[in-house]
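Chemist: My structure is in start_6.cif, and what it holds is mmCIF, C-alpha atoms:
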data_target
#
loop_
_atom_site.label_atom_id
_atom_site.label_comp_id
_atom_site.auth_asym_id
_atom_site.auth_seq_id
_atom_site.Cartn_x
_atom_site.Cartn_y
_atom_site.Cartn_z
CA MET V 16 -1.45 -47.49 7.54
CA THR V 17 1.79 -48.54 5.83
CA ALA V 18 0.26 -48.01 2.37
CA LEU V 19 -0.57 -44.41 3.24
CA SER V 20 2.89 -43.65 4.55
CA PRO V 21 4.50 -42.74 1.17
CA THR V 22 1.58 -40.45 0.37
CA ILE V 23 1.83 -38.69 3.74
CA ASP V 24 5.59 -38.32 3.32
CA LEU V 25 5.06 -36.81 -0.13
CA LEU V 26 2.51 -34.31 1.21
CA VAL V 27 4.84 -33.32 4.03
CA GLU V 28 7.75 -32.89 1.64
CA ASN V 29 5.63 -30.78 -0.74
CA ARG V 30 4.56 -28.56 2.14
CA ARG V 31 8.16 -28.14 3.26
CA ARG V 32 9.25 -27.31 -0.28
CA ARG V 33 6.52 -24.67 -0.59
CA ALA V 34 7.51 -23.19 2.77
CA ARG V 35 11.18 -23.03 1.72
CA ARG V 36 10.26 -21.30 -1.53
CA HIS V 37 8.08 -18.82 0.34
CA VAL V 38 10.95 -17.94 2.68
CA PHE V 39 13.33 -17.71 -0.29
CA VAL V 40 11.02 -15.31 -2.15
CA ILE V 41 10.67 -13.09 0.94
CA ALA V 42 14.47 -13.07 1.37
CA ILE V 43 14.98 -12.06 -2.28
CA LEU V 44 12.39 -9.27 -2.07
CA LEU V 45 13.91 -8.02 1.19
CA ALA V 46 17.37 -8.00 -0.40
CA ILE V 47 16.06 -6.01 -3.37
CA MET V 48 14.40 -3.50 -1.06
CA VAL V 49 17.55 -3.06 1.04
CA ALA V 50 19.74 -2.71 -2.06
CA LEU V 51 17.39 -0.14 -3.55
CA PHE V 52 17.31 1.73 -0.23
CA ALA V 53 21.12 1.83 -0.25
CA VAL V 54 21.15 3.14 -3.83
CA THR V 55 18.72 5.94 -3.00
CA LEU V 56 20.97 7.04 -0.12
CA SER V 57 24.21 6.90 -2.08
CA LEU V 58 23.38 7.87 -5.65
CA GLY V 59 21.44 10.95 -6.72
CA GLN V 60 22.51 14.16 -8.41
CA SER V 61 25.85 13.48 -6.71
CA PHE V 62 27.50 10.28 -5.50
CA THR V 63 28.10 9.72 -1.80
CA PRO V 64 30.52 6.88 -0.98
CA PRO V 65 28.89 4.04 1.00
CA GLY V 66 31.38 4.59 3.82
CA ASP V 67 30.18 8.18 4.26
CA VAL V 68 26.56 7.03 4.14
CA ILE V 69 27.20 4.54 6.93
CA ARG V 70 28.99 7.21 9.00
CA VAL V 71 26.00 9.55 8.60
CA LEU V 72 23.62 6.77 9.65
CA LEU V 73 25.77 6.20 12.73
CA GLY V 74 25.46 9.89 13.64
CA ASP V 75 28.78 11.29 12.44
CA ASP V 76 28.87 14.83 11.07
CA VAL V 77 30.36 14.17 7.63
CA PRO V 78 30.87 17.43 5.66
CA GLY V 79 28.43 17.60 2.76
CA ALA V 80 27.06 14.09 3.28
CA ALA V 81 25.44 14.97 6.62
CA PHE V 82 23.05 17.31 4.85
CA THR V 83 22.64 15.45 1.53
CA VAL V 84 22.11 12.04 3.08
CA GLY V 85 20.82 12.87 6.56
CA LYS V 86 18.45 15.72 5.72
CA LEU V 87 17.41 15.06 2.12
CA ARG V 88 17.78 11.43 1.08
CA LEU V 89 17.27 9.50 4.32
CA PRO V 90 13.85 10.94 5.26
CA ARG V 91 12.64 10.48 1.69
CA SER V 92 13.80 6.86 1.52
CA VAL V 93 12.50 5.94 4.99
CA LEU V 94 9.10 7.42 4.20
CA SER V 95 9.02 5.62 0.85
CA VAL V 96 9.69 2.28 2.53
CA LEU V 97 7.10 2.74 5.27
CA ALA V 98 4.41 4.05 2.92
CA GLY V 99 5.12 1.29 0.42
CA LEU V 100 4.85 -1.39 3.10
CA ALA V 101 1.54 0.07 4.28
CA PHE V 102 0.08 0.41 0.77
CA GLY V 103 1.18 -3.07 -0.25
CA LEU V 104 -0.05 -4.80 2.89
CA GLY V 105 -3.35 -2.91 3.03
CA GLY V 106 -4.05 -3.40 -0.66
CA VAL V 107 -3.44 -7.15 -0.76
CA THR V 108 -5.57 -7.58 2.37
CA PHE V 109 -8.62 -6.21 0.57
CA GLN V 110 -7.89 -8.29 -2.53
CA ILE V 111 -7.54 -11.50 -0.51
CA MET V 112 -10.56 -10.84 1.68
CA LEU V 113 -12.85 -10.07 -1.26
CA ARG V 114 -11.15 -12.54 -3.63
CA ASN V 115 -10.92 -9.97 -6.38
CA PRO V 116 -7.80 -8.17 -7.71
CA LEU V 117 -9.91 -5.07 -8.38
CA ALA V 118 -10.78 -4.72 -4.70
CA SER V 119 -8.01 -2.23 -4.05
CA PRO V 120 -8.25 0.88 -1.84
CA ASP V 121 -7.35 2.88 -4.97
CA ILE V 122 -10.48 1.61 -6.69
CA ILE V 123 -13.08 1.42 -3.93
CA GLY V 124 -12.81 4.97 -2.64
CA ILE V 125 -10.70 4.79 0.52
CA THR V 126 -7.82 6.87 -0.81
CA SER V 127 -10.36 9.19 -2.46
CA GLY V 128 -11.95 9.80 0.94
CA ALA V 129 -8.60 10.64 2.51
CA SER V 130 -7.75 12.88 -0.46
CA ALA V 131 -11.05 14.76 -0.34
CA ALA V 132 -10.64 15.43 3.38
CA ALA V 133 -7.07 16.64 2.93
CA VAL V 134 -7.96 18.95 0.03
CA PHE V 135 -10.91 20.36 1.98
CA ALA V 136 -8.64 20.99 4.98
CA ILE V 137 -5.93 22.65 2.88
CA VAL V 138 -8.09 24.75 0.56
CA VAL V 139 -11.25 25.55 2.52
CA LEU V 140 -10.00 25.48 6.11
CA SER V 141 -6.45 26.69 5.32
CA LEU V 142 -4.97 24.01 7.55
CA SER V 143 -1.59 22.35 7.23
CA GLY V 144 0.68 19.90 8.99
CA PRO V 145 -0.44 17.02 11.24
CA ILE V 146 -4.09 18.11 11.45
CA VAL V 147 -4.47 17.48 7.71
CA SER V 148 -3.10 13.98 8.20
CA VAL V 149 -5.48 13.29 11.07
CA LEU V 150 -8.48 14.41 9.02
CA ALA V 151 -7.32 12.25 6.10
CA VAL V 152 -7.09 9.16 8.31
CA VAL V 153 -10.52 9.75 9.84
CA ALA V 154 -12.07 10.33 6.42
CA GLY V 155 -10.49 7.17 5.01
CA LEU V 156 -11.95 5.12 7.85
CA GLY V 157 -15.34 6.82 7.46
CA VAL V 158 -15.52 6.13 3.73
CA ALA V 159 -14.55 2.49 4.27
CA LEU V 160 -17.34 2.03 6.81
CA LEU V 161 -19.80 3.80 4.48
CA VAL V 162 -18.89 1.56 1.55
CA TYR V 163 -19.14 -1.51 3.78
CA ALA V 164 -22.55 -0.47 5.12
CA LEU V 165 -23.99 0.35 1.70
CA SER V 166 -22.79 -2.95 0.23
CA PHE V 167 -23.97 -5.10 3.15
CA ARG V 168 -26.96 -7.28 2.44
CA ASP V 169 -26.92 -10.72 4.05
CA GLY V 170 -23.15 -10.43 4.01
CA VAL V 171 -20.75 -8.52 1.78
CA ALA V 172 -20.26 -9.65 -1.80
CA GLY V 173 -16.96 -8.55 -3.33
CA THR V 174 -18.48 -7.35 -6.60
CA ARG V 175 -21.16 -5.33 -4.83
CA LEU V 176 -18.61 -3.67 -2.55
CA ILE V 177 -16.39 -2.80 -5.51
CA LEU V 178 -19.26 -1.23 -7.45
CA VAL V 179 -20.41 0.78 -4.42
CA GLY V 180 -16.81 1.85 -3.82
CA ILE V 181 -16.36 2.98 -7.42
CA GLY V 182 -19.52 5.08 -7.14
CA ILE V 183 -18.41 6.67 -3.86
CA SER V 184 -14.96 7.29 -5.33
CA ALA V 185 -16.42 9.06 -8.36
CA MET V 186 -18.53 11.28 -6.11
CA LEU V 187 -15.52 12.17 -3.96
CA GLU V 188 -13.38 12.91 -7.01
CA SER V 189 -16.05 15.34 -8.24
CA ILE V 190 -16.00 17.07 -4.84
CA VAL V 191 -12.21 17.37 -5.05
CA GLY V 192 -12.49 18.83 -8.54
CA TYR V 193 -15.03 21.40 -7.38
CA ILE V 194 -12.89 22.45 -4.41
CA LEU V 195 -9.80 22.81 -6.60
CA SER V 196 -11.67 24.86 -9.21
CA SER V 197 -12.28 27.58 -6.64
CA ALA V 198 -9.00 27.28 -4.73
CA PRO V 199 -6.73 30.32 -4.32
CA ALA V 200 -3.35 30.00 -6.01
CA TRP V 201 -1.37 29.74 -2.76
CA ASN V 202 -3.35 26.69 -1.64
CA LEU V 203 -3.77 25.07 -5.04
CA GLN V 204 -0.11 24.10 -5.42
CA GLU V 205 0.02 22.40 -2.02
CA ALA V 206 -3.25 20.57 -2.65
CA MET V 207 -2.12 19.36 -6.07
CA ARG V 208 1.22 18.15 -4.67
CA TRP V 209 -0.65 16.23 -2.00
CA LEU V 210 -3.11 14.71 -4.50
CA THR V 211 -0.38 13.52 -6.85
CA GLY V 212 1.29 11.31 -4.27
CA SER V 213 4.76 12.47 -3.36
CA VAL V 214 7.54 12.18 -0.81
CA ASN V 215 8.93 15.61 -1.65
CA GLY V 216 9.81 17.53 1.50
CA ALA V 217 9.82 14.36 3.60
CA GLN V 218 10.93 14.69 7.22
CA LEU V 219 11.91 11.94 9.64
CA GLY V 220 9.33 13.25 12.10
CA GLN V 221 6.60 12.09 9.70
CA ALA V 222 7.90 8.54 9.84
CA LEU V 223 7.09 7.83 13.49
CA PRO V 224 3.25 8.02 13.23
CA LEU V 225 3.35 5.92 10.07
CA LEU V 226 5.66 3.37 11.72
CA LEU V 227 3.30 3.12 14.71
CA ALA V 228 0.33 2.60 12.38
CA LEU V 229 2.25 -0.03 10.44
CA VAL V 230 3.27 -1.91 13.58
CA THR V 231 -0.21 -1.74 15.13
CA PHE V 232 -2.42 -2.42 12.13
CA GLY V 233 0.11 -4.54 10.27
CA GLY V 234 0.67 -6.67 13.36
CA LEU V 235 -3.08 -7.24 13.63
CA LEU V 236 -3.23 -8.37 10.00
CA LEU V 237 -0.27 -10.72 10.35
CA VAL V 238 -1.86 -12.27 13.44
CA ARG V 239 -4.96 -12.89 11.29
CA THR V 240 -3.02 -14.52 8.44
CA ARG V 241 -4.66 -17.93 8.86
CA GLU V 242 -8.15 -16.43 8.87
CA LEU V 243 -7.34 -14.41 5.75
CA GLU V 244 -6.04 -17.49 3.97
CA ALA V 245 -9.28 -19.26 4.87
CA LEU V 246 -11.31 -16.35 3.45
CA ARG V 247 -9.53 -16.88 0.11
CA LEU V 248 -11.49 -20.15 -0.09
CA GLY V 249 -14.87 -18.44 0.35
CA ASP V 250 -17.02 -17.47 3.32
CA ASP V 251 -18.74 -20.85 3.65
CA THR V 252 -15.47 -22.77 3.63
CA ALA V 253 -13.90 -20.30 6.06
CA ALA V 254 -16.86 -20.66 8.43
CA ALA V 255 -16.60 -24.45 8.19
CA LEU V 256 -12.94 -24.14 9.19
CA GLY V 257 -13.95 -22.27 12.33
CA VAL V 258 -13.40 -18.68 11.20
CA LYS V 259 -15.85 -16.11 12.55
CA VAL V 260 -16.28 -14.49 9.16
CA ALA V 261 -18.14 -11.28 10.04
CA ARG V 262 -15.90 -10.39 12.99
CA THR V 263 -12.71 -11.25 11.12
CA ARG V 264 -13.75 -9.22 8.10
CA MET V 265 -14.56 -6.16 10.23
CA LEU V 266 -11.24 -6.35 12.12
CA VAL V 267 -9.32 -6.83 8.90
CA ILE V 268 -11.08 -3.92 7.18
CA VAL V 269 -10.35 -1.56 10.08
CA ALA V 270 -6.68 -2.60 10.17
CA ALA V 271 -6.18 -2.36 6.40
CA VAL V 272 -7.96 0.98 6.15
CA GLY V 273 -5.99 2.33 9.10
CA MET V 274 -2.74 1.53 7.33
CA ILE V 275 -3.82 2.84 3.93
CA ALA V 276 -5.24 6.04 5.39
CA SER V 277 -2.13 6.61 7.53
CA ALA V 278 0.15 6.22 4.51
CA THR V 279 -2.08 8.41 2.36
CA ALA V 280 -2.08 11.08 5.07
CA VAL V 281 1.73 11.29 4.84
CA THR V 282 2.49 10.84 1.14
CA GLY V 283 -0.84 11.47 -0.52
CA PRO V 284 -2.52 8.77 -2.63
CA VAL V 285 0.46 7.18 -4.40
CA ALA V 286 -1.41 5.74 -7.35
CA PHE V 287 -1.83 2.00 -7.85
CA VAL V 288 0.79 0.78 -5.36
CA ALA V 289 -1.91 -0.90 -3.27
CA PHE V 290 -3.47 -2.22 -6.48
CA LEU V 291 -0.29 -3.63 -8.03
CA SER V 292 1.45 -5.16 -5.03
CA GLY V 293 -0.94 -8.08 -4.47
CA PRO V 294 -1.10 -9.39 -8.05
CA ILE V 295 2.69 -9.11 -8.43
CA ALA V 296 3.16 -10.98 -5.16
CA SER V 297 0.70 -13.61 -6.32
CA ARG V 298 2.70 -14.20 -9.50
CA VAL V 299 5.99 -14.38 -7.59
CA VAL V 300 4.83 -16.52 -4.68
CA GLY V 301 2.25 -18.66 -6.46
CA ARG V 302 0.53 -21.03 -4.07
CA ASN V 303 3.45 -21.21 -1.72
CA GLY V 304 2.13 -19.30 1.27
CA SER V 305 0.63 -16.05 2.46
CA LEU V 306 0.84 -13.00 0.21
CA LEU V 307 0.91 -10.44 3.03
CA ILE V 308 4.65 -10.01 3.60
CA PRO V 309 5.65 -10.38 -0.10
CA ALA V 310 3.05 -7.79 -1.14
CA ALA V 311 4.24 -5.38 1.56
CA LEU V 312 7.84 -5.70 0.35
CA ILE V 313 6.78 -5.24 -3.27
CA GLY V 314 4.89 -2.10 -2.26
CA ALA V 315 8.07 -0.71 -0.67
CA ILE V 316 10.07 -1.58 -3.80
CA LEU V 317 7.51 0.14 -6.03
CA VAL V 318 7.51 3.37 -4.02
CA LEU V 319 11.29 3.46 -3.57
CA GLY V 320 11.93 2.62 -7.21
CA GLY V 321 9.18 4.87 -8.54
CA ASP V 322 10.46 7.85 -6.59
CA TYR V 323 14.04 7.26 -7.75
CA VAL V 324 12.97 6.91 -11.38
CA GLY V 325 10.83 10.04 -11.18
CA GLN V 326 13.66 12.06 -9.67
CA PHE V 327 16.71 10.94 -11.62
CA LEU V 328 15.96 8.66 -14.58
CA LEU V 329 13.38 10.68 -16.50
CA PRO V 330 13.68 14.02 -18.29
CA GLY V 331 12.39 16.42 -15.67
CA ARG V 332 11.43 15.55 -12.10
CA TYR V 333 8.16 13.82 -11.34
CA PRO V 334 6.47 12.78 -8.07
CA VAL V 335 6.37 9.08 -7.35
CA GLY V 336 2.60 9.00 -7.92
CA VAL V 337 3.08 9.94 -11.57
CA VAL V 338 5.47 7.03 -12.14
CA THR V 339 3.35 4.43 -10.34
CA GLY V 340 0.24 5.75 -12.07
CA ALA V 341 1.88 5.22 -15.45
CA LEU V 342 2.67 1.63 -14.43
CA GLY V 343 -0.69 0.88 -12.86
CA ALA V 344 -3.14 2.25 -15.41
CA PRO V 345 -2.36 -0.32 -18.16
CA TYR V 346 -2.45 -3.12 -15.60
CA LEU V 347 -5.85 -1.94 -14.36
CA ILE V 348 -7.20 -2.16 -17.92
CA TYR V 349 -5.72 -5.64 -18.27
CA GLN V 350 -7.31 -6.82 -15.01
CA ILE V 351 -10.72 -5.44 -15.99
CA VAL V 352 -10.57 -7.21 -19.38
CA ARG V 353 -9.37 -10.42 -17.71
CA ALA V 354 -12.06 -10.32 -15.03
CA ASN V 355 -14.71 -9.62 -17.67
CA ARG V 356 -13.65 -12.63 -19.72
CA MET V 357 -13.08 -15.25 -17.08
CA GLY V 358 -13.71 -13.82 -13.61
CA GLY V 359 -10.61 -13.13 -11.60
CA SER V 360 -9.42 -14.00 -8.18
CA LEU V 361 -6.12 -13.26 -6.62
#
As a first step, turn the structure in this file into structure tokens.
Modeler:
Amino acid sequence: MTALSPTIDLLVENRRRRARRHVFVIAILLAIMVALFAVTLSLGQSFTPPGDVIRVLLGDDVPGAAFTVGKLRLPRSVLSVLAGLAFGLGGVTFQIMLRNPLASPDIIGITSGASAAAVFAIVVLSLSGPIVSVLAVVAGLGVALLVYALSFRDGVAGTRLILVGIGISAMLESIVGYILSSAPAWNLQEAMRWLTGSVNGAQLGQALPLLLALVTFGGLLLVRTRELEALRLGDDTAAALGVKVARTRMLVIVAAVGMIASATAVTGPVAFVAFLSGPIASRVVGRNGSLLIPAALIGAILVLGGDYVGQFLLPGRYPVGVVTGALGAPYLIYQIVRANRMGGSL
């Protein structure tokens, strides 16, 4: 008993050190997100002093700043944060559950399903506003269930689900292309803006449904953190640890898809944020704890930063989806090459 005591003390100390590093990483990411949020409110085509920004946030009617900050910048930044949190958290959930960095909603057809439904609603049905968002959420959930059902055979293998998802995604993209090819000019511009992934024209009223989805579905995922961490070790190991694998996977899929579809319904499919957030979080956190919160914060940083870069730091103005797509495409190629050579897990 005495001989084991130093070993136990060392294990406890290592666990505490990992926990402290995990908290430190989360604090740093949160500070970066808050700082970036402050920059997007204060600095754009014109500079608004931080004091005026704070007064606007407190409800004061500051000449000039009340419109610039309150009506233009604040809704855009709030929506960027919420969508980024949802994309990051939903994306890393799939990657952890299926133990594959390619298992992102961008890749396996979920965002394509939401996009196809939205384009159909805009172009064919001439709908707009909240009804388009509702259809996008329902379609995202439907595609996720379809992919899950088609890939189920004595359980769900990550590789099989990814391949089925890629096939479904390709089919949906062809449907979107066909709809757009026959779209009237007045609907085409709105559909293309939606497909690109953008927070242009953001309104604070759009934030509430997304916040509710994030709290509901995100809360469910955070409650299931221990089960998700067990799934990273494989289904058999998770089952041996007492996890009800099939039920946990179904609950996690519904929650992750609900978040991704809700974010996509508001901003459109902001390319590769869900795909990038998990691997970046994995590199930053290492083996020091759950990736859920770090990946969510990284997603918010990517959307906030990508939108700011697209608006003010490039020649011309570009939607956030263009910027994140430019970042994500090379990384996707790298991950495919890496997985092909050695097999990859998050």
Chemist: Sorted by chain and rising residue number, list the residues of range 95-146 of chain V at most 10 Å from range 279-293 of chain V (counting all atoms listed in the file), each with its closest atom pair and distance in Å to one decimal, as CSV.
Modeler:
residue,atom,partner,partner_atom,distance
V:Ser95,CA,V:Thr282,CA,8.4
V:Ala98,CA,V:Thr282,CA,7.3
V:Gly99,CA,V:Val288,CA,7.2
V:Leu100,CA,V:Ala289,CA,9.3
V:Ala101,CA,V:Ala289,CA,8.4
V:Phe102,CA,V:Ala289,CA,4.7
V:Gly103,CA,V:Ala289,CA,4.8
V:Leu104,CA,V:Ala289,CA,7.5
V:Gly105,CA,V:Ala289,CA,6.8
V:Gly106,CA,V:Ala289,CA,4.2
V:Val107,CA,V:Gly293,CA,4.6
V:Thr108,CA,V:Gly293,CA,8.3
V:Phe109,CA,V:Gly293,CA,9.4
V:Gln110,CA,V:Gly293,CA,7.2
V:Ile111,CA,V:Gly293,CA,8.4
V:Pro116,CA,V:Phe290,CA,7.5
V:Leu117,CA,V:Phe290,CA,7.3
V:Ala118,CA,V:Phe290,CA,7.9
V:Ser119,CA,V:Phe290,CA,5.1
V:Pro120,CA,V:Ala289,CA,6.7
V:Asp121,CA,V:Phe287,CA,6.3
V:Ile122,CA,V:Phe290,CA,8.0
V:Ile125,CA,V:Thr279,CA,9.5
V:Thr126,CA,V:Pro284,CA,5.9
V:Ser127,CA,V:Pro284,CA,7.9
V:Ala129,CA,V:Thr279,CA,6.9
V:Ser130,CA,V:Pro284,CA,7.0
V:Ala132,CA,V:Ala280,CA,9.7
V:Ala133,CA,V:Ala280,CA,7.8
V:Gly144,CA,V:Val281,CA,9.6
V:Pro145,CA,V:Ala280,CA,8.7
V:Ile146,CA,V:Ala280,CA,9.7
Chemist: Given the file above and the PyMOL selection byres ((chain V and resi 223) around 12), which residues are selected, and can you give them as a list in words?
Modeler: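 Residues picked by the PyMOL selection byres ((chain V and resi 223) around 12): Pro90, Val93, Leu94, Leu97, Ala98, Gln218, Leu219, Gly220, Gln221, Ala222, Pro224, Leu225, Leu226, Leu227, Ala228, Leu229, Val230, Ser277, Ala278 and Val281 of chain V.
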Chemist: Go ahead and write the selection's residues with C-alpha atoms as a PDB file, in the frame of the given file.
Modeler:
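And here's again_37.pdb as it stands now:
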ATOM      1  CA  PRO V  90      13.850  10.940   5.260  1.00  0.00           C
ATOM      2  CA  VAL V  93      12.500   5.940   4.990  1.00  0.00           C
ATOM      3  CA  LEU V  94       9.100   7.420   4.200  1.00  0.00           C
ATOM      4  CA  LEU V  97       7.100   2.740   5.270  1.00  0.00           C
ATOM      5  CA  ALA V  98       4.410   4.050   2.920  1.00  0.00           C
ATOM      6  CA  GLN V 218      10.930  14.690   7.220  1.00  0.00           C
ATOM      7  CA  LEU V 219      11.910  11.940   9.640  1.00  0.00           C
ATOM      8  CA  GLY V 220       9.330  13.250  12.100  1.00  0.00           C
ATOM      9  CA  GLN V 221       6.600  12.090   9.700  1.00  0.00           C
ATOM     10  CA  ALA V 222       7.900   8.540   9.840  1.00  0.00           C
ATOM     11  CA  PRO V 224       3.250   8.020  13.230  1.00  0.00           C
ATOM     12  CA  LEU V 225       3.350   5.920  10.070  1.00  0.00           C
ATOM     13  CA  LEU V 226       5.660   3.370  11.720  1.00  0.00           C
ATOM     14  CA  LEU V 227       3.300   3.120  14.710  1.00  0.00           C
ATOM     15  CA  ALA V 228       0.330   2.600  12.380  1.00  0.00           C
ATOM     16  CA  LEU V 229       2.250  -0.030  10.440  1.00  0.00           C
ATOM     17  CA  VAL V 230       3.270  -1.910  13.580  1.00  0.00           C
ATOM     18  CA  SER V 277      -2.130   6.610   7.530  1.00  0.00           C
ATOM     19  CA  ALA V 278       0.150   6.220   4.510  1.00  0.00           C
ATOM     20  CA  VAL V 281       1.730  11.290   4.840  1.00  0.00           C
TER      21      VAL V 281
END
Chemist: Since I can't run it myself right now, could you work out what the PyMOL selection byres ((chain V and resi 92) around 10) selects here and report it as JSON, numbers by chain?
Modeler: {"V": [51, 52, 53, 54, 55, 56, 84, 87, 88, 89, 90, 91, 93, 94, 95, 96, 97, 98, 214, 217, 219, 315, 318, 319, 320, 322, 323]}
Chemist: Counting all atoms listed in the file, figure out which residue out of V:Val191, V:Ala344, V:Val335, V:Val49 gets nearest to Leu317 in chain V.
Modeler: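 Among the listed residues, V:Val335 lies closest to Leu317 in chain V.
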Chemist: Could you tell me, as a PyMOL selection string, exactly which residues end up selected when the PyMOL selection byres ((chain V and resi 336) around 6) is applied to this structure?
Modeler: chain V and resi 211-212+285-286+334-335+337-340
Chemist: Quick one: distance from CA of Gly343 in chain V to CA of Leu306 in chain V in Å, one decimal?
Modeler: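 Computed distance, CA of Gly343 in chain V to CA of Leu306 in chain V, equals 19.1 Å.
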Chemist: Between CA of Leu307 in chain V and CA of Leu236 in chain V, what is the spacing in Å?
Modeler: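 Result for CA of Leu236 in chain V versus CA of Leu307 in chain V: 8.4 Å, one decimal.
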